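K.L.:
The structure is given below, and queries will be raised subsequently.
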Amino acid sequence: MTSYIDSNNYYLSKFFNYELLNYDSFWLFYGQRDGIQMADFFPNQKVYSFLWEYSDENILVKIDEWKRAFRRNNINISLGAKLYTQNYLSADRIVYLDCLETDFIISDEQFKDFTTYNIGQHFFQIVTEIHTSFVDINLSFLKLSDRVEKFKEFVRILDTDGVQALILNGYNHNGELIKLCICKKGHKQLNVDITLPLDIFENTFVPIPFH
């Protein structure tokens with residue numbers, strides 16, 4: 001695994017005015033044999049792991065509502081994890097949003113097989129301080145229809161007290177898994193001290209969440 005600080009904000013500048021940016025990001029590149037250990041970067045933090053799925057009009061409504069996102073992808077609820085669910089509309093389709101509240105030891109094991117080649121495109125995480133609860137996270141951006149504005153409001157969750165970082169999945173052209181971590185400006189990250197030297201993002205893919 002290699003890690004880089006995007007000190008020039010190559011990625012976030014695609015969405016925000018550079019002079020007004022209140023956020024930083026760092027990038028983790030994992031080889032196929034690397035184990036994911038996000039706890040090394042966010043010690044003593046809590047993580048909310050979200051997975052979304054569109055409703056399926058081809059099966060019975062009750063079965064569809066029961067399957068939601070986690071069951072549909074064979075994710076079991078670990079002992080000690082807290083489950084939260086929420087529905088919202090996207091282009092007149094129901095979207096099921098499931099969330100697990102855990103520590104990183106549990107989430108790293110629970111979602112270790114997620115990549116952007118599979119359901120990982122529908123997966124994101126919010127890192128918080130221990131005292132932050134699910135109700136403290138403002139998910140009102142889900143009502144927005146414009147995908148860019150929705151993403152920008154999603155990033156602004158970082159303005160909430162207690163929210164430390166957002167984690168998205170991606171990959172680059174040689175098949176490495178990417179973890180894009182967006183955090184508050186000036187928030188020092190452990191174990192990441194190499195600056196990303198170039199705008200490499202034309203060789204990478206990080207899907208915008210909820211799209």
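All residue names refer to the structure tokens as shown: chains lettered A, B, ... in order, residues numbered from 1 in each chain, ligands numbered from 1 in order.
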Write out as a PyMOL selection string each polymer residue whose atoms come within 6 Å of stretch 2-7 of chain A, counting only C-alpha atoms; drop sequence neighbours fewer than 4 positions from it.
P.N.:
chain A and resi 25-29+192+194-196
K.L.:
Where in stretch 74-210 of chain A does DSSP assign alpha helix (DSSP H), given as a list in words?
P.N.:
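Those in stretch 74-210 of chain A that DSSP calls alpha helix (DSSP H) are Phe104, Ile105, Ile106, Ser107, Asp108, Glu109, Gln110, Arg147, Val148, Glu149, Lys150, Phe151, Lys152, Glu153, Phe154 and Val155 of chain A.
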K.L.:
Write a file of the just-selected residues containing all heavy atoms, as a short mmCIF file (atom, residue, chain, number, x, y, z; two decimals), in the first residue's frame.
P.N.:
```
data_model
loop_
_atom_site.label_atom_id
_atom_site.label_comp_id
_atom_site.auth_asym_id
_atom_site.auth_seq_id
_atom_site.Cartn_x
_atom_site.Cartn_y
_atom_site.Cartn_z
N PHE A 104 -13.22 0.34 13.19
CA PHE A 104 -12.59 -0.01 11.92
C PHE A 104 -12.15 -1.47 11.85
O PHE A 104 -12.04 -2.04 10.77
CB PHE A 104 -11.40 0.90 11.65
CG PHE A 104 -11.76 2.13 10.88
CD1 PHE A 104 -11.76 3.37 11.49
CD2 PHE A 104 -12.14 2.06 9.55
CE1 PHE A 104 -12.10 4.51 10.79
CE2 PHE A 104 -12.48 3.19 8.83
CZ PHE A 104 -12.46 4.42 9.45
N ILE A 105 -11.90 -2.08 12.99
CA ILE A 105 -11.51 -3.50 12.97
C ILE A 105 -12.64 -4.34 12.38
O ILE A 105 -12.42 -5.21 11.54
CB ILE A 105 -11.15 -3.96 14.39
CG1 ILE A 105 -9.90 -3.23 14.89
CG2 ILE A 105 -10.91 -5.48 14.41
CD1 ILE A 105 -9.52 -3.56 16.32
N ILE A 106 -13.86 -4.04 12.82
CA ILE A 106 -15.02 -4.78 12.30
C ILE A 106 -15.29 -4.41 10.85
O ILE A 106 -15.49 -5.28 10.00
CB ILE A 106 -16.26 -4.49 13.16
CG1 ILE A 106 -16.08 -5.08 14.57
CG2 ILE A 106 -17.51 -5.07 12.51
CD1 ILE A 106 -17.21 -4.76 15.53
N SER A 107 -15.28 -3.12 10.52
CA SER A 107 -15.64 -2.71 9.16
C SER A 107 -14.60 -3.17 8.14
O SER A 107 -14.95 -3.53 7.02
CB SER A 107 -15.82 -1.19 9.09
OG SER A 107 -14.60 -0.51 9.26
N ASP A 108 -13.31 -3.15 8.51
CA ASP A 108 -12.28 -3.61 7.57
C ASP A 108 -12.49 -5.07 7.19
O ASP A 108 -12.29 -5.47 6.04
CB ASP A 108 -10.88 -3.44 8.18
CG ASP A 108 -10.42 -1.99 8.19
OD1 ASP A 108 -11.08 -1.16 7.52
OD2 ASP A 108 -9.42 -1.69 8.85
N GLU A 109 -12.91 -5.86 8.16
CA GLU A 109 -13.16 -7.28 7.90
C GLU A 109 -14.49 -7.46 7.16
O GLU A 109 -14.59 -8.26 6.23
CB GLU A 109 -13.19 -8.05 9.21
CG GLU A 109 -13.54 -9.53 9.08
CD GLU A 109 -12.53 -10.32 8.26
OE1 GLU A 109 -11.35 -9.91 8.22
OE2 GLU A 109 -12.92 -11.35 7.66
N GLN A 110 -15.49 -6.70 7.57
CA GLN A 110 -16.84 -6.85 7.01
C GLN A 110 -16.88 -6.53 5.52
O GLN A 110 -17.56 -7.19 4.74
CB GLN A 110 -17.79 -5.91 7.75
CG GLN A 110 -19.26 -6.14 7.43
CD GLN A 110 -19.93 -7.08 8.40
OE1 GLN A 110 -20.01 -6.82 9.58
NE2 GLN A 110 -20.41 -8.19 7.90
N ARG A 147 -26.41 15.77 -9.43
CA ARG A 147 -25.41 14.87 -8.85
C ARG A 147 -24.20 15.61 -8.31
O ARG A 147 -23.64 15.22 -7.27
CB ARG A 147 -24.97 13.83 -9.87
CG ARG A 147 -24.16 14.34 -11.03
CD ARG A 147 -23.91 13.27 -12.06
NE ARG A 147 -23.01 13.72 -13.12
CZ ARG A 147 -21.70 13.52 -13.12
NH1 ARG A 147 -21.13 12.86 -12.13
NH2 ARG A 147 -20.94 13.96 -14.11
N VAL A 148 -23.78 16.70 -8.96
CA VAL A 148 -22.62 17.45 -8.47
C VAL A 148 -22.96 18.19 -7.19
O VAL A 148 -22.19 18.19 -6.22
CB VAL A 148 -22.10 18.42 -9.56
CG1 VAL A 148 -20.99 19.31 -8.99
CG2 VAL A 148 -21.59 17.64 -10.76
N GLU A 149 -24.12 18.84 -7.17
CA GLU A 149 -24.53 19.55 -5.96
C GLU A 149 -24.74 18.57 -4.80
O GLU A 149 -24.43 18.89 -3.65
CB GLU A 149 -25.82 20.34 -6.21
CG GLU A 149 -25.61 21.56 -7.09
CD GLU A 149 -24.58 22.52 -6.51
OE1 GLU A 149 -24.64 22.79 -5.29
OE2 GLU A 149 -23.71 22.99 -7.27
N LYS A 150 -25.25 17.39 -5.12
CA LYS A 150 -25.43 16.38 -4.08
C LYS A 150 -24.08 15.97 -3.50
O LYS A 150 -23.92 15.83 -2.28
CB LYS A 150 -26.15 15.15 -4.66
CG LYS A 150 -26.45 14.07 -3.63
CD LYS A 150 -27.17 12.89 -4.25
CE LYS A 150 -28.59 13.22 -4.61
NZ LYS A 150 -29.36 12.02 -5.03
N PHE A 151 -23.09 15.79 -4.37
CA PHE A 151 -21.76 15.41 -3.90
C PHE A 151 -21.13 16.53 -3.06
O PHE A 151 -20.53 16.27 -2.01
CB PHE A 151 -20.85 15.09 -5.08
CG PHE A 151 -19.43 14.79 -4.68
CD1 PHE A 151 -19.11 13.61 -4.01
CD2 PHE A 151 -18.40 15.68 -4.98
CE1 PHE A 151 -17.82 13.33 -3.63
CE2 PHE A 151 -17.10 15.39 -4.60
CZ PHE A 151 -16.81 14.23 -3.93
N LYS A 152 -21.29 17.77 -3.47
CA LYS A 152 -20.72 18.89 -2.72
C LYS A 152 -21.34 18.99 -1.34
O LYS A 152 -20.65 19.24 -0.34
CB LYS A 152 -20.90 20.18 -3.51
CG LYS A 152 -20.01 20.25 -4.75
CD LYS A 152 -20.43 21.35 -5.71
CE LYS A 152 -20.17 22.72 -5.17
NZ LYS A 152 -20.45 23.76 -6.20
N GLU A 153 -22.66 18.79 -1.26
CA GLU A 153 -23.31 18.81 0.05
C GLU A 153 -22.90 17.62 0.89
O GLU A 153 -22.80 17.71 2.12
CB GLU A 153 -24.83 18.85 -0.13
CG GLU A 153 -25.35 20.19 -0.63
CD GLU A 153 -24.96 21.33 0.29
OE1 GLU A 153 -25.18 21.21 1.52
OE2 GLU A 153 -24.43 22.34 -0.21
N PHE A 154 -22.66 16.49 0.24
CA PHE A 154 -22.14 15.32 0.96
C PHE A 154 -20.79 15.65 1.59
O PHE A 154 -20.56 15.35 2.77
CB PHE A 154 -22.01 14.15 -0.02
CG PHE A 154 -21.18 13.00 0.46
CD1 PHE A 154 -21.58 12.24 1.55
CD2 PHE A 154 -19.98 12.67 -0.17
CE1 PHE A 154 -20.82 11.17 2.00
CE2 PHE A 154 -19.22 11.61 0.27
CZ PHE A 154 -19.63 10.85 1.36
N VAL A 155 -19.90 16.29 0.85
CA VAL A 155 -18.58 16.66 1.39
C VAL A 155 -18.74 17.63 2.55
O VAL A 155 -17.98 17.58 3.54
CB VAL A 155 -17.70 17.26 0.29
CG1 VAL A 155 -16.39 17.81 0.87
CG2 VAL A 155 -17.39 16.21 -0.79
#
```
K.L.:
Please give the complete set of residues from stretch 20-201 of chain A that DSSP, run on the backbone, assigns to strand (DSSP E), formatted as a PyMOL selection string.
P.N.:
chain A and resi 23-30+46-54+82-90+93-102+123-128+163-172+177-184
K.L.:
Would you mind telling me which residue in A:Leu79, A:Leu180, A:Ala69, A:Leu166 lies nearest to A:Tyr96 when using only C-alpha atoms?
P.N.:
A:Ala69
K.L.:
List the neighbours of A:Cys99 out to 8 Å using only C-alpha atoms; skip same-chain residues closer than 3 positions along the sequence, and give me the result as a PDB file with N, CA and C atoms, in the first residue's frame.
P.N.:
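Below is the file result.pdb, written as the result:
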```pdb
ATOM      1  N   TYR A  48     -19.105   4.928  10.260  1.00  0.00           N
ATOM      2  CA  TYR A  48     -20.424   4.586   9.741  1.00  0.00           C
ATOM      3  C   TYR A  48     -20.247   4.153   8.290  1.00  0.00           C
ATOM      4  N   SER A  49     -20.586   2.899   8.014  1.00  0.00           N
ATOM      5  CA  SER A  49     -20.398   2.324   6.681  1.00  0.00           C
ATOM      6  C   SER A  49     -21.747   2.247   5.979  1.00  0.00           C
ATOM      7  N   PHE A  50     -21.866   2.923   4.841  1.00  0.00           N
ATOM      8  CA  PHE A  50     -23.129   3.040   4.120  1.00  0.00           C
ATOM      9  C   PHE A  50     -23.087   2.239   2.822  1.00  0.00           C
ATOM     10  N   LEU A  51     -24.203   1.602   2.512  1.00  0.00           N
ATOM     11  CA  LEU A  51     -24.359   0.909   1.235  1.00  0.00           C
ATOM     12  C   LEU A  51     -25.754   1.216   0.715  1.00  0.00           C
ATOM     13  N   LEU A  83     -27.331  -1.098  13.325  1.00  0.00           N
ATOM     14  CA  LEU A  83     -27.854  -0.952  11.975  1.00  0.00           C
ATOM     15  C   LEU A  83     -28.837   0.213  11.907  1.00  0.00           C
ATOM     16  N   TYR A  84     -28.667   1.051  10.872  1.00  0.00           N
ATOM     17  CA  TYR A  84     -29.594   2.142  10.602  1.00  0.00           C
ATOM     18  C   TYR A  84     -30.046   2.026   9.141  1.00  0.00           C
ATOM     19  N   THR A  85     -31.293   2.403   8.877  1.00  0.00           N
ATOM     20  CA  THR A  85     -31.806   2.343   7.509  1.00  0.00           C
ATOM     21  C   THR A  85     -32.531   3.638   7.175  1.00  0.00           C
TER      22      THR A  85
END
```
K.L.:
Would you compute the distance between atom CA of A:Arg72 and atom CA of A:Val206? Give it in Å to one decimal.
P.N.:
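Separation between atom CA of A:Arg72 and atom CA of A:Val206: 22.9 Å.
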K.L.:
How far is it from atom CA of A:Gly120 to atom CA of A:Asn169, in Å with one decimal?
P.N.:
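Distance between the two atoms: 6.4 Å.
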K.L.:
What lies within 12 Å of A:Asp98 using only C-alpha atoms, ignoring chain neighbours under 3 positions off, as a PyMOL selection string?
P.N.:
chain A and resi 48-54+65-73+75-77+82-88+95+101+122-125+134
K.L.:
What is the atom CA of A:Ile119-atom CA of A:Cys183 distance in Å, reported with one decimal?
P.N.:
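Result for atom CA of A:Ile119 versus atom CA of A:Cys183: 23.7 Å, one decimal.
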K.L.:
Measuring atom to atom with only C-alpha atoms, identify which of A:Arg156, A:Lys46, A:His187, A:Arg93 is nearest to A:Ser140.
P.N.:
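Once distances to A:Ser140 are computed over only C-alpha atoms, the minimum belongs to A:Arg156.
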K.L.:
Fewer than 5 positions away in the same chain doesn't count, so skip those; otherwise give me all residues within 7 Å of A:Asn172, counting only C-alpha atoms, as a ChimeraX atom specification.
P.N.:
/A:203-205
K.L.:
For the selection just defined, write its residues with all heavy atoms to a file, as a tab-separated table (two decimals), in the first residue's frame.
P.N.:
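Output (selection.tsv):
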```
chain	number	residue	atom	x	y	z
A	203	ASN	N	-6.09	8.86	-14.84
A	203	ASN	CA	-5.82	7.42	-14.84
A	203	ASN	C	-6.54	6.70	-13.71
A	203	ASN	O	-6.26	5.54	-13.43
A	203	ASN	CB	-4.32	7.15	-14.72
A	203	ASN	CG	-3.56	7.64	-15.93
A	203	ASN	OD1	-4.04	7.51	-17.04
A	203	ASN	ND2	-2.39	8.21	-15.71
A	204	THR	N	-7.44	7.39	-13.02
A	204	THR	CA	-8.15	6.80	-11.90
A	204	THR	C	-9.64	6.97	-12.07
A	204	THR	O	-10.11	7.79	-12.85
A	204	THR	CB	-7.73	7.46	-10.57
A	204	THR	OG1	-8.14	8.83	-10.59
A	204	THR	CG2	-6.23	7.37	-10.35
A	205	PHE	N	-10.38	6.18	-11.29
A	205	PHE	CA	-11.84	6.28	-11.31
A	205	PHE	C	-12.34	6.22	-9.88
A	205	PHE	O	-12.13	5.23	-9.18
A	205	PHE	CB	-12.45	5.15	-12.13
A	205	PHE	CG	-13.96	5.12	-12.07
A	205	PHE	CD1	-14.72	6.12	-12.65
A	205	PHE	CD2	-14.62	4.08	-11.42
A	205	PHE	CE1	-16.11	6.10	-12.60
A	205	PHE	CE2	-16.01	4.05	-11.36
A	205	PHE	CZ	-16.75	5.07	-11.95
```
K.L.:
Between A:Gln45, A:Asp113, A:Arg33, A:Ala81, single out the one closest to A:Ile126, counting only C-alpha atoms.
P.N.:
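Ranking A:Gln45, A:Asp113, A:Arg33, A:Ala81 by distance to A:Ile126, first place goes to A:Gln45.
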K.L.:
When you look at stretch 160-164 of chain A with a cut-off of 10 Å (counting only C-alpha atoms), what residues show up, excluding the ones that are within fewer than 5 positions of it in the same chain? I need them as number ranges by chain.
P.N.:
A: 42, 45-47, 126-133, 136-138, 181-184, 187
K.L.:
Keeping N, CA, C and O atoms, export the residues of the selection given above as a PDB file, in the first residue's frame.
P.N.:
```
ATOM      1  N   PHE A  42      -7.020   6.145  11.286  1.00  0.00           N
ATOM      2  CA  PHE A  42      -8.032   6.791  12.126  1.00  0.00           C
ATOM      3  C   PHE A  42      -8.140   6.050  13.464  1.00  0.00           C
ATOM      4  O   PHE A  42      -9.164   5.426  13.759  1.00  0.00           O
ATOM      5  N   GLN A  45     -11.316   6.003  16.431  1.00  0.00           N
ATOM      6  CA  GLN A  45     -12.446   6.670  15.798  1.00  0.00           C
ATOM      7  C   GLN A  45     -13.546   5.641  15.517  1.00  0.00           C
ATOM      8  O   GLN A  45     -13.307   4.444  15.479  1.00  0.00           O
ATOM      9  N   LYS A  46     -14.732   6.156  15.301  1.00  0.00           N
ATOM     10  CA  LYS A  46     -15.881   5.328  14.947  1.00  0.00           C
ATOM     11  C   LYS A  46     -16.147   5.498  13.452  1.00  0.00           C
ATOM     12  O   LYS A  46     -15.808   6.525  12.865  1.00  0.00           O
ATOM     13  N   VAL A  47     -16.740   4.475  12.826  1.00  0.00           N
ATOM     14  CA  VAL A  47     -17.010   4.587  11.400  1.00  0.00           C
ATOM     15  C   VAL A  47     -18.444   4.145  11.099  1.00  0.00           C
ATOM     16  O   VAL A  47     -18.934   3.153  11.645  1.00  0.00           O
ATOM     17  N   ILE A 126     -18.244   7.221   6.677  1.00  0.00           N
ATOM     18  CA  ILE A 126     -18.077   8.479   7.390  1.00  0.00           C
ATOM     19  C   ILE A 126     -17.398   8.178   8.717  1.00  0.00           C
ATOM     20  O   ILE A 126     -17.889   7.366   9.506  1.00  0.00           O
ATOM     21  N   VAL A 127     -16.254   8.822   8.946  1.00  0.00           N
ATOM     22  CA  VAL A 127     -15.466   8.613  10.161  1.00  0.00           C
ATOM     23  C   VAL A 127     -15.809   9.711  11.157  1.00  0.00           C
ATOM     24  O   VAL A 127     -15.829  10.900  10.803  1.00  0.00           O
ATOM     25  N   THR A 128     -16.082   9.335  12.396  1.00  0.00           N
ATOM     26  CA  THR A 128     -16.466  10.317  13.409  1.00  0.00           C
ATOM     27  C   THR A 128     -15.725  10.057  14.717  1.00  0.00           C
ATOM     28  O   THR A 128     -15.126   9.006  14.929  1.00  0.00           O
ATOM     29  N   GLU A 129     -15.816  11.030  15.588  1.00  0.00           N
ATOM     30  CA  GLU A 129     -15.355  10.835  16.959  1.00  0.00           C
ATOM     31  C   GLU A 129     -16.297   9.876  17.667  1.00  0.00           C
ATOM     32  O   GLU A 129     -17.433   9.670  17.244  1.00  0.00           O
ATOM     33  N   ILE A 130     -15.833   9.305  18.747  1.00  0.00           N
ATOM     34  CA  ILE A 130     -16.593   8.271  19.449  1.00  0.00           C
ATOM     35  C   ILE A 130     -17.957   8.767  19.905  1.00  0.00           C
ATOM     36  O   ILE A 130     -18.959   8.048  19.842  1.00  0.00           O
ATOM     37  N   HIS A 131     -18.051  10.017  20.336  1.00  0.00           N
ATOM     38  CA  HIS A 131     -19.308  10.520  20.910  1.00  0.00           C
ATOM     39  C   HIS A 131     -20.339  10.899  19.849  1.00  0.00           C
ATOM     40  O   HIS A 131     -21.498  11.161  20.179  1.00  0.00           O
ATOM     41  N   THR A 132     -19.958  10.944  18.584  1.00  0.00           N
ATOM     42  CA  THR A 132     -20.889  11.362  17.533  1.00  0.00           C
ATOM     43  C   THR A 132     -21.874  10.238  17.225  1.00  0.00           C
ATOM     44  O   THR A 132     -21.483   9.084  17.068  1.00  0.00           O
ATOM     45  N   SER A 133     -23.136  10.574  17.124  1.00  0.00           N
ATOM     46  CA  SER A 133     -24.176   9.572  16.867  1.00  0.00           C
ATOM     47  C   SER A 133     -24.694   9.701  15.444  1.00  0.00           C
ATOM     48  O   SER A 133     -24.450  10.700  14.747  1.00  0.00           O
ATOM     49  N   ASP A 136     -26.593  12.804  14.374  1.00  0.00           N
ATOM     50  CA  ASP A 136     -25.808  14.026  14.205  1.00  0.00           C
ATOM     51  C   ASP A 136     -25.384  14.242  12.752  1.00  0.00           C
ATOM     52  O   ASP A 136     -24.954  15.337  12.377  1.00  0.00           O
ATOM     53  N   ILE A 137     -25.488  13.192  11.928  1.00  0.00           N
ATOM     54  CA  ILE A 137     -25.053  13.276  10.532  1.00  0.00           C
ATOM     55  C   ILE A 137     -26.220  13.743   9.667  1.00  0.00           C
ATOM     56  O   ILE A 137     -27.255  13.093   9.597  1.00  0.00           O
ATOM     57  N   ASN A 138     -26.033  14.874   9.019  1.00  0.00           N
ATOM     58  CA  ASN A 138     -27.093  15.477   8.209  1.00  0.00           C
ATOM     59  C   ASN A 138     -27.118  14.836   6.824  1.00  0.00           C
ATOM     60  O   ASN A 138     -26.213  15.040   6.010  1.00  0.00           O
ATOM     61  N   CYS A 181      -9.752   9.602   0.898  1.00  0.00           N
ATOM     62  CA  CYS A 181     -10.160  10.082   2.219  1.00  0.00           C
ATOM     63  C   CYS A 181     -10.200  11.606   2.197  1.00  0.00           C
ATOM     64  O   CYS A 181      -9.165  12.257   1.986  1.00  0.00           O
ATOM     65  N   ILE A 182     -11.376  12.170   2.386  1.00  0.00           N
ATOM     66  CA  ILE A 182     -11.556  13.620   2.423  1.00  0.00           C
ATOM     67  C   ILE A 182     -11.743  14.029   3.880  1.00  0.00           C
ATOM     68  O   ILE A 182     -12.550  13.436   4.599  1.00  0.00           O
ATOM     69  N   CYS A 183     -10.989  15.031   4.310  1.00  0.00           N
ATOM     70  CA  CYS A 183     -11.046  15.424   5.723  1.00  0.00           C
ATOM     71  C   CYS A 183     -11.040  16.948   5.851  1.00  0.00           C
ATOM     72  O   CYS A 183     -10.877  17.671   4.861  1.00  0.00           O
ATOM     73  N   LYS A 184     -11.214  17.416   7.057  1.00  0.00           N
ATOM     74  CA  LYS A 184     -11.207  18.854   7.301  1.00  0.00           C
ATOM     75  C   LYS A 184      -9.829  19.424   7.009  1.00  0.00           C
ATOM     76  O   LYS A 184      -8.814  18.777   7.245  1.00  0.00           O
ATOM     77  N   HIS A 187      -6.307  18.949   9.004  1.00  0.00           N
ATOM     78  CA  HIS A 187      -6.366  17.765   9.865  1.00  0.00           C
ATOM     79  C   HIS A 187      -5.204  16.835   9.536  1.00  0.00           C
ATOM     80  O   HIS A 187      -5.125  16.275   8.457  1.00  0.00           O
TER      81      HIS A 187
END
```
K.L.:
Considering only C-alpha atoms, state which residue in the set A:Leu158, A:Met38, A:Leu12, A:Ala91 is at the smallest distance from A:Ile208.
P.N.:
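Smallest separation from A:Ile208 among the options: A:Leu12.
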